[in-house]
>>> print(open('input22.pdb').read())   # PDB, C-alpha atoms
ATOM      1  CA  MET A   1      -6.328 -12.706  30.042
ATOM      2  CA  ALA A   2      -3.616 -10.134  29.570
ATOM      3  CA  ALA A   3      -4.703  -6.920  27.927
ATOM      4  CA  ALA A   4      -3.239  -6.140  24.546
ATOM      5  CA  ALA A   5      -0.274  -3.786  24.705
ATOM      6  CA  GLU A   6      -1.324  -0.229  23.976
ATOM      7  CA  THR A   7       0.626   1.904  21.586
ATOM      8  CA  GLN A   8       1.147   5.575  21.122
ATOM      9  CA  THR A   9       2.488   7.620  18.262
ATOM     10  CA  ARG A  10       6.019   8.966  18.389
ATOM     11  CA  LYS A  11       6.364  12.579  17.343
ATOM     12  CA  LEU A  12       8.103  13.179  14.066
ATOM     13  CA  ARG A  13      11.479  14.892  14.334
ATOM     14  CA  ILE A  14      12.090  17.686  11.835
ATOM     15  CA  LEU A  15      15.392  19.422  11.094
ATOM     16  CA  CYS A  16      14.766  23.100  10.315
ATOM     17  CA  ILE A  17      16.909  24.921   7.741
ATOM     18  CA  HIS A  18      16.699  28.725   7.726
ATOM     19  CA  GLY A  19      16.863  31.185   4.848
ATOM     20  CA  TYR A  20      19.589  33.593   3.726
ATOM     21  CA  ARG A  21      20.486  36.283   6.292
ATOM     22  CA  GLN A  22      18.867  34.236   9.072
ATOM     23  CA  ASN A  23      20.234  31.758  11.599
ATOM     24  CA  GLY A  24      18.818  28.920  13.633
ATOM     25  CA  GLN A  25      17.626  31.181  16.448
ATOM     26  CA  THR A  26      15.951  33.809  14.254
ATOM     27  CA  PHE A  27      14.258  31.077  12.211
ATOM     28  CA  ARG A  28      12.998  29.494  15.395
ATOM     29  CA  GLU A  29      11.510  32.829  16.437
ATOM     30  CA  LYS A  30       9.859  33.334  13.039
ATOM     31  CA  THR A  31       8.278  29.874  13.127
ATOM     32  CA  GLY A  32       6.620  30.234  16.529
ATOM     33  CA  SER A  33       3.091  29.965  15.108
ATOM     34  CA  LEU A  34       4.002  26.953  13.008
ATOM     35  CA  ARG A  35       5.663  25.183  15.931
ATOM     36  CA  LYS A  36       2.537  25.740  17.996
ATOM     37  CA  ILE A  37       0.453  24.106  15.259
ATOM     38  CA  LEU A  38       2.810  21.147  14.984
ATOM     39  CA  LYS A  39       3.636  20.616  18.666
ATOM     40  CA  LYS A  40       1.426  17.523  18.976
ATOM     41  CA  HIS A  41       2.805  16.082  15.772
ATOM     42  CA  ALA A  42       6.466  17.002  15.515
ATOM     43  CA  GLU A  43       9.568  18.209  17.329
ATOM     44  CA  CYS A  44      11.503  20.905  15.463
ATOM     45  CA  VAL A  45      15.293  21.171  15.769
ATOM     46  CA  PHE A  46      17.075  24.238  14.365
ATOM     47  CA  ILE A  47      20.620  24.555  13.068
ATOM     48  CA  THR A  48      22.653  27.466  11.699
ATOM     49  CA  ALA A  49      24.464  27.707   8.361
ATOM     50  CA  PRO A  50      28.268  27.832   8.592
ATOM     51  CA  HIS A  51      28.852  30.900   6.422
ATOM     52  CA  ILE A  52      28.825  34.420   7.865
ATOM     53  CA  ILE A  53      27.479  36.994   5.427
ATOM     54  CA  PRO A  54      30.002  39.831   5.099
ATOM     55  CA  PRO A  55      28.703  43.270   6.103
ATOM     56  CA  SER A  56      28.191  45.756   3.308
ATOM     57  CA  PRO A  57      30.229  49.000   3.296
ATOM     58  CA  SER A  58      27.045  50.996   3.934
ATOM     59  CA  GLN A  59      26.306  49.247   7.245
ATOM     60  CA  SER A  60      26.789  51.102  10.520
ATOM     61  CA  ALA A  61      29.202  49.946  13.231
ATOM     62  CA  GLU A  62      26.299  48.454  15.164
ATOM     63  CA  GLN A  63      25.147  46.579  12.090
ATOM     64  CA  HIS A  64      28.698  45.292  11.574
ATOM     65  CA  THR A  65      28.615  43.890  15.106
ATOM     66  CA  ASP A  66      25.381  42.037  14.349
ATOM     67  CA  SER A  67      26.517  40.739  10.965
ATOM     68  CA  SER A  68      27.879  37.463  12.366
ATOM     69  CA  GLU A  69      24.278  36.520  13.154
ATOM     70  CA  GLN A  70      23.391  36.591   9.451
ATOM     71  CA  ARG A  71      24.255  33.318   7.755
ATOM     72  CA  GLY A  72      23.965  31.638   4.361
ATOM     73  CA  TRP A  73      24.216  28.112   2.950
ATOM     74  CA  TRP A  74      26.252  29.138  -0.102
ATOM     75  CA  PHE A  75      27.288  32.238  -2.034
ATOM     76  CA  SER A  76      26.661  32.915  -5.723
ATOM     77  CA  ALA A  77      29.222  35.730  -6.007
ATOM     78  CA  ASP A  78      32.749  36.341  -4.778
ATOM     79  CA  ASN A  79      34.619  39.407  -3.538
ATOM     80  CA  PRO A  80      32.540  40.035  -1.540
ATOM     81  CA  HIS A  81      30.636  36.839  -0.821
ATOM     82  CA  THR A  82      26.973  37.504  -1.592
ATOM     83  CA  PHE A  83      23.934  35.600  -2.792
ATOM     84  CA  SER A  84      21.010  36.379  -5.064
ATOM     85  CA  ALA A  85      18.345  33.857  -6.017
ATOM     86  CA  SER A  86      17.885  35.573  -9.398
ATOM     87  CA  GLN A  87      21.596  35.829 -10.241
ATOM     88  CA  GLN A  88      22.948  33.672 -13.064
ATOM     89  CA  SER A  89      26.325  32.516 -11.829
ATOM     90  CA  GLN A  90      29.149  30.070 -12.399
ATOM     91  CA  ILE A  91      30.105  30.337  -8.741
ATOM     92  CA  SER A  92      29.189  28.116  -5.814
ATOM     93  CA  ILE A  93      31.057  28.948  -2.627
ATOM     94  CA  GLY A  94      30.456  27.014   0.574
ATOM     95  CA  LEU A  95      27.934  24.369  -0.478
ATOM     96  CA  ASP A  96      30.103  21.411   0.562
ATOM     97  CA  GLU A  97      30.669  22.854   4.035
ATOM     98  CA  SER A  98      26.916  23.305   4.469
ATOM     99  CA  VAL A  99      26.256  19.707   3.483
ATOM    100  CA  GLU A 100      28.701  18.621   6.180
ATOM    101  CA  VAL A 101      26.855  20.753   8.768
ATOM    102  CA  VAL A 102      23.620  18.916   7.978
ATOM    103  CA  LYS A 103      25.322  15.518   8.092
ATOM    104  CA  LYS A 104      26.797  16.428  11.486
ATOM    105  CA  ALA A 105      23.340  17.474  12.729
ATOM    106  CA  PHE A 106      21.885  14.108  11.682
ATOM    107  CA  LEU A 107      24.725  12.336  13.457
ATOM    108  CA  GLU A 108      24.734  14.360  16.681
ATOM    109  CA  LYS A 109      21.117  15.539  16.990
ATOM    110  CA  GLY A 110      19.257  12.953  14.916
ATOM    111  CA  PRO A 111      17.692  10.847  13.820
ATOM    112  CA  PHE A 112      15.296  13.046  11.883
ATOM    113  CA  ASP A 113      12.246  12.024   9.896
ATOM    114  CA  GLY A 114      12.200  15.045   7.641
ATOM    115  CA  ILE A 115      13.328  18.580   6.918
ATOM    116  CA  LEU A 116      11.586  21.966   6.931
ATOM    117  CA  ALA A 117      13.441  24.546   4.853
ATOM    118  CA  PHE A 118      12.826  28.162   3.892
ATOM    119  CA  SER A 119      13.921  30.159   0.820
ATOM    120  CA  GLN A 120      17.675  29.670   0.220
ATOM    121  CA  GLY A 121      17.429  26.825   2.715
ATOM    122  CA  ALA A 122      14.739  25.191   0.544
ATOM    123  CA  ALA A 123      16.946  25.506  -2.546
ATOM    124  CA  PHE A 124      19.825  24.009  -0.540
ATOM    125  CA  VAL A 125      17.692  21.092   0.682
ATOM    126  CA  THR A 126      16.584  20.399  -2.897
ATOM    127  CA  MET A 127      20.233  19.808  -3.810
ATOM    128  CA  LEU A 128      20.725  17.782  -0.638
ATOM    129  CA  LEU A 129      17.795  15.530  -1.594
ATOM    130  CA  ALA A 130      19.335  15.013  -5.033
ATOM    131  CA  MET A 131      22.638  14.024  -3.402
ATOM    132  CA  GLU A 132      20.830  11.645  -1.058
ATOM    133  CA  GLN A 133      19.000  10.016  -3.937
ATOM    134  CA  GLU A 134      22.318   9.191  -5.596
ATOM    135  CA  ASN A 135      24.128   8.239  -2.384
ATOM    136  CA  PRO A 136      21.671   7.525   0.459
ATOM    137  CA  GLY A 137      22.820   8.024   4.020
ATOM    138  CA  LEU A 138      20.587  10.419   5.936
ATOM    139  CA  GLU A 139      17.283   8.551   5.403
ATOM    140  CA  ILE A 140      15.161  11.662   4.821
ATOM    141  CA  ARG A 141      11.507  10.575   4.665
ATOM    142  CA  PHE A 142      10.011  13.917   3.614
ATOM    143  CA  ALA A 143      10.686  17.618   3.154
ATOM    144  CA  ILE A 144       8.597  20.774   3.526
ATOM    145  CA  LEU A 145      10.016  23.415   1.188
ATOM    146  CA  VAL A 146       8.809  26.992   1.678
ATOM    147  CA  ALA A 147       9.546  29.568  -1.056
ATOM    148  CA  GLY A 148      11.775  27.067  -2.829
ATOM    149  CA  PHE A 149      13.541  27.659  -6.132
ATOM    150  CA  ARG A 150      16.193  26.221  -8.428
ATOM    151  CA  SER A 151      19.708  27.514  -7.935
ATOM    152  CA  LYS A 152      20.904  29.556 -10.905
ATOM    153  CA  SER A 153      24.534  28.562 -10.377
ATOM    154  CA  SER A 154      25.790  26.498 -13.316
ATOM    155  CA  ALA A 155      27.865  24.515 -10.812
ATOM    156  CA  HIS A 156      24.606  23.074  -9.469
ATOM    157  CA  CYS A 157      23.118  21.840 -12.756
ATOM    158  CA  LEU A 158      23.932  18.209 -11.927
ATOM    159  CA  PHE A 159      21.479  18.279  -9.027
ATOM    160  CA  TYR A 160      18.538  18.763 -11.398
ATOM    161  CA  ASP A 161      19.200  15.891 -13.803
ATOM    162  CA  THR A 162      17.145  13.314 -11.869
ATOM    163  CA  LEU A 163      13.572  13.595 -10.604
ATOM    164  CA  ILE A 164      13.558  13.725  -6.791
ATOM    165  CA  GLU A 165      11.368  10.962  -5.378
ATOM    166  CA  CYS A 166      11.361  12.016  -1.711
ATOM    167  CA  PRO A 167       7.817  13.144  -0.741
ATOM    168  CA  THR A 168       7.650  16.938  -0.590
ATOM    169  CA  LEU A 169       5.233  19.686   0.403
ATOM    170  CA  HIS A 170       5.830  22.959  -1.441
ATOM    171  CA  VAL A 171       4.595  26.188   0.165
ATOM    172  CA  PHE A 172       4.703  29.516  -1.661
ATOM    173  CA  GLY A 173       2.912  32.853  -1.821
ATOM    174  CA  ASP A 174       1.151  34.595  -4.679
ATOM    175  CA  SER A 175       2.661  37.968  -3.752
ATOM    176  CA  ASP A 176       6.167  36.896  -2.708
ATOM    177  CA  ASN A 177       8.522  39.652  -3.920
ATOM    178  CA  VAL A 178      11.696  37.885  -2.751
ATOM    179  CA  ILE A 179      11.140  34.516  -4.420
ATOM    180  CA  PRO A 180       8.424  35.178  -7.011
ATOM    181  CA  LYS A 181       5.707  32.563  -7.344
ATOM    182  CA  GLU A 182       6.913  31.735 -10.850
ATOM    183  CA  MET A 183      10.273  30.554  -9.474
ATOM    184  CA  SER A 184       8.569  28.257  -6.974
ATOM    185  CA  LEU A 185       6.228  26.904  -9.655
ATOM    186  CA  ASP A 186       9.180  26.157 -11.926
ATOM    187  CA  HIS A 187      10.844  24.395  -8.983
ATOM    188  CA  LEU A 188       8.043  21.794  -8.858
ATOM    189  CA  LYS A 189       9.127  20.022 -12.040
ATOM    190  CA  TYR A 190      12.178  18.557 -10.299
ATOM    191  CA  PHE A 191      10.023  16.485  -7.934
ATOM    192  CA  LYS A 192       7.891  13.395  -8.364
ATOM    193  CA  ASP A 193       4.296  14.042  -7.230
ATOM    194  CA  PRO A 194       4.926  17.308  -5.327
ATOM    195  CA  ILE A 195       2.146  18.452  -3.001
ATOM    196  CA  ILE A 196       1.343  22.173  -3.168
ATOM    197  CA  LEU A 197       0.204  24.510  -0.395
ATOM    198  CA  GLU A 198      -0.347  27.953  -1.883
ATOM    199  CA  HIS A 199      -1.244  31.180  -0.068
ATOM    200  CA  ASP A 200      -2.018  34.739  -1.110
ATOM    201  CA  GLY A 201       0.730  36.352   0.986
ATOM    202  CA  GLY A 202       4.409  37.123   0.603
ATOM    203  CA  HIS A 203       7.742  35.750   1.779
ATOM    204  CA  PHE A 204       6.749  33.924   4.956
ATOM    205  CA  ILE A 205       5.407  30.633   6.303
ATOM    206  CA  PRO A 206       1.588  30.791   6.394
ATOM    207  CA  THR A 207      -0.212  29.385   9.456
ATOM    208  CA  SER A 208      -3.890  30.251   8.962
ATOM    209  CA  GLY A 209      -6.613  27.594   9.266
ATOM    210  CA  PRO A 210      -6.487  26.078   5.766
ATOM    211  CA  HIS A 211      -2.678  26.010   5.783
ATOM    212  CA  LYS A 212      -2.603  24.530   9.282
ATOM    213  CA  ASN A 213      -4.653  21.595   8.042
ATOM    214  CA  GLY A 214      -2.378  21.241   5.023
ATOM    215  CA  TYR A 215       0.736  20.774   7.180
ATOM    216  CA  ILE A 216      -0.991  18.291   9.467
ATOM    217  CA  ARG A 217      -2.419  16.236   6.607
ATOM    218  CA  PHE A 218       1.017  16.031   5.029
ATOM    219  CA  LEU A 219       2.753  15.003   8.258
ATOM    220  CA  ASN A 220       0.063  12.425   8.998
ATOM    221  CA  MET A 221       1.287  10.559   5.933
ATOM    222  CA  PHE A 222       4.424   9.713   7.890
ATOM    223  CA  THR A 223       3.084   8.948  11.362
ATOM    224  CA  GLN A 224       1.670   5.504  10.614
ATOM    225  CA  ASN A 225       5.065   3.879  11.034
ATOM    226  CA  ASN A 226       5.825   5.778  14.233
ATOM    227  CA  LEU A 227       3.882   3.603  16.674
ATOM    228  CA  LEU A 228       5.822   2.728  19.826
ATOM    229  CA  PRO A 229       4.935   0.438  22.755
ATOM    230  CA  GLU A 230       3.458   2.471  25.604
ATOM    231  CA  HIS A 231       6.295   1.611  27.984
ATOM    232  CA  GLU A 232       8.978   3.128  25.742
ATOM    233  CA  ASN A 233      10.175   6.651  26.458
ATOM    234  CA  ILE A 234       9.389   9.318  23.917
ATOM    235  CA  ILE A 235      11.859  12.164  24.007
TER     236      ILE A 235
END
>>> encode(input="input22.pdb", output="C-alpha cells")
Amino acid sequence: MAAAAETQTRKLRILCIHGYRQNGQTFREKTGSLRKILKKHAECVFITAPHIIPPSPSQSAEQHTDSSEQRGWWFSADNPHTFSASQQSQISIGLDESVEVVKKAFLEKGPFDGILAFSQGAAFVTMLLAMEQENPGLEIRFAILVAGFRSKSSAHCLFYDTLIECPTLHVFGDSDNVIPKEMSLDHLKYFKDPIILEHDGGHFIPTSGPHKNGYIRFLNMFTQNNLLPEHENII
C-alpha cells in the first residue's frame, strides 16, 4: 500500500516597507533580530521608497553625499520636500509613485502573503490596504504595522472612510518619542479586529521573548493554507 503523500509548510513571504529617512538596506540591517526570529516561518523581501529626501542646508558635504540613501514614501510639505507625522497638511507629494513601486515589487518579486511596515511605511501601508479594499489586486493576506499612525494630510482623508478588514498586527511602544503611543492607539480604530503587541520601549521593533511569541502566533494564523506536497520546491 502506497504511503500517504507527506506535506510540508511553505514559508510565508513578507514585503518589508521601511520608515522615513531609511531605505531597504538600512531597514534590513535594523530588522536582523526579527528576521532571525522569523526565519523558520517567513522570508522577508525589502524594497526602497522612490523619493530621495533633500539634504538640509545645515548638513555637511559628507552628509549631502549620503542623502540619496535616505528615502520617503511621500512628503507632507513642499519647497523643500519634507515630512512630519504630526504636521497638519493639505499636501501629499509622491504617494502615487510609491504605490506603483509596491505594485511593481508584487509583480516582479512576488507573490507576497503579507507586509511588514515601520513608521511612515506603516502609515503608507494603511492607505495601501484601503486602496486594495476598494480595488483588489495585490491579494494582501495580512500586515504587521509597527509605530503606525494616521496621515494628517487632508488629501488622504478618503483612505479612512472605510474600516480595513485585512488582518493586522499593530506594534507600538509606550515611550516612543517619534510616533507617540497615542497616535498608534488612535490608528487602531480604522481596522476591524486589530491585534495589539505593545512594548515599553521607544521607536523600534521589539524582539524580546514575549514579543517573539506574538509575531509567531500572528503568522501562524496564515500558515494553515500554505501546505505543499513534499516533492515541490520551496524557494
>>> residues_around(input="input22.pdb", residues="range 122-130 of chain A", least_positions_apart="4", cutoff="6 Å", atoms="all atoms listed in the file", output="VMD selection string")
chain A and resid 117 to 118 145 148 to 150 159
>>> write_last_selection(input="input22.pdb", atoms="C-alpha atoms", output="PDB file, in the coordinates of the input")
ATOM      1  CA  ALA A 117      13.441  24.546   4.853  1.00  0.00           C
ATOM      2  CA  PHE A 118      12.826  28.162   3.892  1.00  0.00           C
ATOM      3  CA  LEU A 145      10.016  23.415   1.188  1.00  0.00           C
ATOM      4  CA  GLY A 148      11.775  27.067  -2.829  1.00  0.00           C
ATOM      5  CA  PHE A 149      13.541  27.659  -6.132  1.00  0.00           C
ATOM      6  CA  ARG A 150      16.193  26.221  -8.428  1.00  0.00           C
ATOM      7  CA  PHE A 159      21.479  18.279  -9.027  1.00  0.00           C
TER       8      PHE A 159
END
>>> atom_distance(input="input22.pdb", atom1="CA of Pro210 in chain A", atom2="CA of Ala143 in chain A")
19.3 Å
>>> residues_near_point(input="input22.pdb", point="(7.0, 28.6, -7.9)", cutoff="10 Å", atoms="all atoms listed in the file", output="PyMOL selection string")
chain A and resi 146-150+170-174+176+179-189+196+198
>>> residues_around(input="input22.pdb", residues="Lys109 in chain A", least_positions_apart="5", cutoff="12 Å", atoms="all atoms listed in the file", output="number ranges by chain")
A: 13-16, 43-47, 101-104
>>> closest_residue(input="input22.pdb", among="A:Glu165, A:Ser98, A:Thr31, A:Glu108", to="Glu134 in chain A", atoms="only C-alpha atoms")
A:Glu165
>>> residues_around(input="input22.pdb", residues="Ser76 in chain A", least_positions_apart="5", cutoff="9 Å", atoms="only C-alpha atoms", output="list of chain:residue names")
A:His81, A:Thr82, A:Phe83, A:Ser84, A:Ala85, A:Gln87, A:Gln88, A:Ser89, A:Gln90, A:Ile91, A:Ser92, A:Ile93, A:Lys152, A:Ser153
>>> atom_distance(input="input22.pdb", atom1="CA of Pro206 in chain A", atom2="CA of Pro167 in chain A")
20.0 Å
>>> residues_near_point(input="input22.pdb", point="(22.2, 12.8, 4.9)", cutoff="9 Å", atoms="all atoms listed in the file", output="PyMOL selection string")
chain A and resi 99-100+102-104+106-107+128-129+131-132+135-140
>>> atom_distance(input="input22.pdb", atom1="CA of Lys11 in chain A", atom2="CA of Gly114 in chain A")
11.6 Å
>>> residues_around(input="input22.pdb", residues="Gly32 in chain A", least_positions_apart="4", cutoff="12 Å", atoms="only C-alpha atoms", output="MDAnalysis selection string")
chainID A and resid 25:28 36:39 44 205:207
>>> resolve_selection(input="input22.pdb", expression="the PyMOL selection byres ((chain A and resi 191) around 8)", output="number ranges by chain")
A: 163-166, 168, 188-190, 192-194
>>> resolve_selection(input="input22.pdb", expression="the PyMOL selection byres ((chain A and resi 22) around 8)", output="list in words")
His18, Gly19, Tyr20, Arg21, Asn23, Gly24, Thr26, Phe27, Glu69, Gln70, Arg71 and Gly72 of chain A
>>> write_last_selection(input="input22.pdb", atoms="C-alpha atoms", output="PDB file, keeping the file's coordinate frame")
ATOM      1  CA  HIS A  18      16.699  28.725   7.726  1.00  0.00           C
ATOM      2  CA  GLY A  19      16.863  31.185   4.848  1.00  0.00           C
ATOM      3  CA  TYR A  20      19.589  33.593   3.726  1.00  0.00           C
ATOM      4  CA  ARG A  21      20.486  36.283   6.292  1.00  0.00           C
ATOM      5  CA  ASN A  23      20.234  31.758  11.599  1.00  0.00           C
ATOM      6  CA  GLY A  24      18.818  28.920  13.633  1.00  0.00           C
ATOM      7  CA  THR A  26      15.951  33.809  14.254  1.00  0.00           C
ATOM      8  CA  PHE A  27      14.258  31.077  12.211  1.00  0.00           C
ATOM      9  CA  GLU A  69      24.278  36.520  13.154  1.00  0.00           C
ATOM     10  CA  GLN A  70      23.391  36.591   9.451  1.00  0.00           C
ATOM     11  CA  ARG A  71      24.255  33.318   7.755  1.00  0.00           C
ATOM     12  CA  GLY A  72      23.965  31.638   4.361  1.00  0.00           C
TER      13      GLY A  72
END
>>> axis_aligned_box(input="input22.pdb", around="range 137-151 of chain A", padding_each_side="5 Å", output="lines of an AutoDock Vina configuration file")
center_x = 15.7
center_y = 18.8
center_z = -1.2
size_x = 24.2
size_y = 31.5
size_z = 24.4
